[in-house]
Amino acid sequence: MAISDAAAMHEAQVLWAYHDTGTPLAAADAIIGLGSYDLRVSDRCVELYQNRLAPRIVFAGASGNWTRGMYATSEAQAFADHAIALGVPADAISLEPKSTNIAENIGFVRALLPDAQRVIWVTKPQTRRRVSASLMRNWPEVFSMIAAPEHGLAAQPSEHHPLEALIAEMVGDVWRMVAYAEKGFQASQPLPPEVRKAFDTLVAAGFTHHLPAGVRSLDH
């Protein structure tokens, strides 16, 4: 299916808005930065720390499909090194360098912060809904606030992760909202008609690189 750049951006904006489950922020026990290819997540953690929203930062993440070979160390260590270069004291940072997915991020961080009552999770803008849905299933007892770098869709693509990859990532994560809820990995999420339409349109247009092989439908 051929699709114009304007039509693809329109449908991508629908998915971008769907994945935005950011919340108001307030003082917390810790800021948790989820590792990825996007160091701007670390920038946002530093900003929140310097605004005194929490006394410590935990960076989580080993490496994944998109970051394998990108950093000389784990995602957690790369994010921590970046934060230290921006002025965060090393003793205010803890690392969780073993996790390879969001559920493991949450489980391993939970073990590091057994007494936490309020935490701020910082992730990529397009991953906020997956984080919030995973928290509902994997750490419902803690009061979680969700944050991300503060910019729109047009500013999210990077040299490492260009627009086509970003759109494919958002498409794949819509599928994961349905499939992972069915498996019990995260809480079920609403799926508005406009999101389903955007998914179907972008899949038909070929934005399928973040879907499992052979998957082309939300109905499996």
# chains A, B, ... in the order shown; residues from 1 in each chain; ligands from 1
>>> closest_atom_pairs(of="segment 79-118 of chain A", to="segment 177-198 of chain A", cutoff="12 Å", atoms="only C-alpha atoms", output="CSV")
residue,atom,partner,partner_atom,distance
A:Asn101,CA,A:Phe185,CA,11.1
A:Ile102,CA,A:Phe185,CA,9.7
A:Ala103,CA,A:Phe185,CA,7.4
A:Glu104,CA,A:Phe185,CA,10.6
A:Ile106,CA,A:Gln186,CA,11.4
A:Gly107,CA,A:Phe185,CA,11.8
>>> write_last_selection(atoms="N, CA and C atoms", output="compact mmCIF listing (two decimals), in the first residue's frame")
# COMPACT_ATOMS: atom_id res chain seq x y z
N ASN A 101 14.14 -6.05 29.29
CA ASN A 101 12.80 -5.63 28.87
C ASN A 101 12.15 -4.86 30.01
N ILE A 102 10.97 -4.31 29.75
CA ILE A 102 10.35 -3.43 30.74
C ILE A 102 9.96 -4.19 32.00
N ALA A 103 9.44 -5.40 31.85
CA ALA A 103 9.06 -6.18 33.04
C ALA A 103 10.28 -6.45 33.92
N GLU A 104 11.41 -6.76 33.30
CA GLU A 104 12.63 -6.97 34.08
C GLU A 104 13.13 -5.66 34.68
N ILE A 106 11.36 -3.29 35.80
CA ILE A 106 10.55 -3.05 36.99
C ILE A 106 10.91 -4.02 38.11
N GLY A 107 11.03 -5.30 37.79
CA GLY A 107 11.31 -6.30 38.81
C GLY A 107 12.64 -6.09 39.49
>>> select_by_dssp(residues="segment 10-185 of chain A", states="strand (DSSP E)", output="ChimeraX atom specification")
/A:30-34,57-60,93-96,118-122,143-147
>>> select_by_dssp(residues="segment 28-148 of chain A", states="alpha helix (DSSP H)", output="count of residues only")
44
>>> closest_residue(among="A:Trp175, A:Tyr49, A:Tyr18, A:Phe143", to="Pro89 of chain A", atoms="only C-alpha atoms")
A:Tyr49
>>> residues_around(residues="segment 60-70 of chain A", least_positions_apart="5", cutoff="10 Å", atoms="only C-alpha atoms", output="PyMOL selection string")
chain A and resi 32-38+75-80+94-102+104-106+108-109+160-161
>>> write_last_selection(atoms="C-alpha atoms", output="mmCIF file, in the first residue's frame")
data_model
loop_
_atom_site.group_PDB
_atom_site.id
_atom_site.type_symbol
_atom_site.label_atom_id
_atom_site.label_comp_id
_atom_site.auth_asym_id
_atom_site.auth_seq_id
_atom_site.Cartn_x
_atom_site.Cartn_y
_atom_site.Cartn_z
ATOM 1 C CA ILE A 32 14.270 5.677 37.539
ATOM 2 C CA GLY A 33 15.728 6.109 34.070
ATOM 3 C CA LEU A 34 14.994 3.245 31.672
ATOM 4 C CA GLY A 35 17.908 2.597 29.340
ATOM 5 C CA SER A 36 17.558 2.715 25.566
ATOM 6 C CA TYR A 37 19.170 4.188 22.468
ATOM 7 C CA ASP A 38 17.991 7.669 23.555
ATOM 8 C CA GLU A 75 22.599 1.026 28.897
ATOM 9 C CA ALA A 76 22.451 1.702 32.633
ATOM 10 C CA GLN A 77 26.150 2.528 32.828
ATOM 11 C CA ALA A 78 26.065 4.674 29.679
ATOM 12 C CA PHE A 79 23.148 6.679 31.058
ATOM 13 C CA ALA A 80 24.909 7.038 34.417
ATOM 14 C CA SER A 94 22.511 3.348 41.419
ATOM 15 C CA LEU A 95 22.676 0.873 38.545
ATOM 16 C CA GLU A 96 20.480 -2.028 37.519
ATOM 17 C CA PRO A 97 22.459 -3.376 34.529
ATOM 18 C CA LYS A 98 20.812 -6.781 33.988
ATOM 19 C CA SER A 99 17.312 -6.138 32.623
ATOM 20 C CA THR A 100 16.494 -6.619 28.938
ATOM 21 C CA ASN A 101 12.802 -5.631 28.866
ATOM 22 C CA ILE A 102 10.346 -3.426 30.736
ATOM 23 C CA GLU A 104 12.631 -6.972 34.085
ATOM 24 C CA ASN A 105 13.376 -3.240 34.493
ATOM 25 C CA ILE A 106 10.547 -3.051 36.988
ATOM 26 C CA PHE A 108 15.002 -5.638 39.300
ATOM 27 C CA VAL A 109 14.472 -1.989 40.295
ATOM 28 C CA HIS A 160 20.487 6.176 15.323
ATOM 29 C CA HIS A 161 16.693 5.781 15.233
#
>>> closest_residue(among="A:Asp219, A:Glu150, A:Glu159, A:Glu141", to="Arg176 of chain A", atoms="only C-alpha atoms")
A:Asp219
>>> atom_distance(atom1="atom CA of Arg128 of chain A", atom2="atom CA of Arg44 of chain A")
13.9 Å
>>> decode(residues="segment 3-105 of chain A", atoms="C-alpha atoms", output="compact mmCIF listing (two decimals), in the first residue's frame")
# COMPACT_ATOMS: atom_id res chain seq x y z
CA ILE A 3 1.05 6.14 1.58
CA SER A 4 2.07 9.77 1.42
CA ASP A 5 4.52 11.24 3.89
CA ALA A 6 1.75 13.50 5.21
CA ALA A 7 -0.62 10.54 5.71
CA ALA A 8 2.07 8.52 7.49
CA MET A 9 2.84 11.43 9.80
CA HIS A 10 -0.85 11.87 10.56
CA GLU A 11 -1.23 8.23 11.59
CA ALA A 12 2.09 8.32 13.46
CA GLN A 13 0.85 11.32 15.43
CA VAL A 14 -2.22 9.30 16.45
CA LEU A 15 0.06 6.58 17.85
CA TRP A 16 2.38 9.14 19.48
CA ALA A 17 -0.58 10.62 21.35
CA TYR A 18 -1.82 7.15 22.32
CA HIS A 19 1.52 6.20 23.84
CA ASP A 20 1.60 9.42 25.89
CA THR A 21 0.56 8.45 29.40
CA GLY A 22 2.70 11.01 31.17
CA THR A 23 1.51 12.17 34.58
CA PRO A 24 2.00 15.20 36.84
CA LEU A 25 5.23 14.98 38.79
CA ALA A 26 5.89 15.53 42.49
CA ALA A 27 8.55 14.64 45.05
CA ALA A 28 9.55 10.98 45.02
CA ASP A 29 11.93 8.53 46.65
CA ALA A 30 13.80 7.93 43.40
CA ILE A 31 13.96 8.76 39.72
CA ILE A 32 14.27 5.68 37.54
CA GLY A 33 15.73 6.11 34.07
CA LEU A 34 14.99 3.24 31.67
CA GLY A 35 17.91 2.60 29.34
CA SER A 36 17.56 2.71 25.57
CA TYR A 37 19.17 4.19 22.47
CA ASP A 38 17.99 7.67 23.55
CA LEU A 39 20.34 9.49 25.95
CA ARG A 40 17.78 12.30 26.22
CA VAL A 41 16.10 10.09 28.82
CA SER A 42 19.21 10.54 30.95
CA ASP A 43 19.04 14.30 30.31
CA ARG A 44 15.48 14.34 31.66
CA CYS A 45 16.51 12.36 34.74
CA VAL A 46 19.26 14.89 35.41
CA GLU A 47 16.81 17.76 35.04
CA LEU A 48 14.40 16.20 37.54
CA TYR A 49 17.23 15.43 39.98
CA GLN A 50 18.56 18.98 39.76
CA ASN A 51 15.01 20.23 40.39
CA ARG A 52 15.14 18.19 43.63
CA LEU A 53 12.26 15.89 42.81
CA ALA A 54 14.19 12.94 44.29
CA PRO A 55 17.51 12.38 46.08
CA ARG A 56 18.70 9.56 43.85
CA ILE A 57 18.56 8.16 40.33
CA VAL A 58 18.46 4.51 39.35
CA PHE A 59 19.43 3.72 35.76
CA ALA A 60 18.22 0.37 34.44
CA GLY A 61 19.06 -1.69 31.40
CA ALA A 62 21.55 -4.17 29.96
CA SER A 63 21.30 -3.97 26.17
CA GLY A 64 18.66 -4.77 23.59
CA ASN A 65 18.17 -5.19 19.87
CA TRP A 66 18.57 -1.47 19.25
CA THR A 67 21.52 -0.84 21.56
CA ARG A 68 23.66 -3.94 21.12
CA GLY A 69 27.06 -2.54 20.18
CA MET A 70 25.92 1.06 20.62
CA TYR A 71 27.51 1.56 24.04
CA ALA A 72 30.79 0.20 25.37
CA THR A 73 28.94 -0.71 28.58
CA SER A 74 25.37 -1.47 29.60
CA GLU A 75 22.60 1.03 28.90
CA ALA A 76 22.45 1.70 32.63
CA GLN A 77 26.15 2.53 32.83
CA ALA A 78 26.06 4.67 29.68
CA PHE A 79 23.15 6.68 31.06
CA ALA A 80 24.91 7.04 34.42
CA ASP A 81 28.14 8.22 32.79
CA HIS A 82 26.13 10.81 30.86
CA ALA A 83 24.39 12.01 34.03
CA ILE A 84 27.67 12.28 35.92
CA ALA A 85 29.13 14.33 33.06
CA LEU A 86 26.17 16.69 33.50
CA GLY A 87 26.89 17.17 37.20
CA VAL A 88 25.01 14.45 39.10
CA PRO A 89 27.19 13.06 41.92
CA ALA A 90 28.19 9.46 41.33
CA ASP A 91 27.04 8.50 44.83
CA ALA A 92 23.50 9.68 43.98
CA ILE A 93 23.25 7.07 41.21
CA SER A 94 22.51 3.35 41.42
CA LEU A 95 22.68 0.87 38.54
CA GLU A 96 20.48 -2.03 37.52
CA PRO A 97 22.46 -3.38 34.53
CA LYS A 98 20.81 -6.78 33.99
CA SER A 99 17.31 -6.14 32.62
CA THR A 100 16.49 -6.62 28.94
CA ASN A 101 12.80 -5.63 28.87
CA ILE A 102 10.35 -3.43 30.74
CA ALA A 103 9.06 -6.18 33.04
CA GLU A 104 12.63 -6.97 34.08
CA ASN A 105 13.38 -3.24 34.49
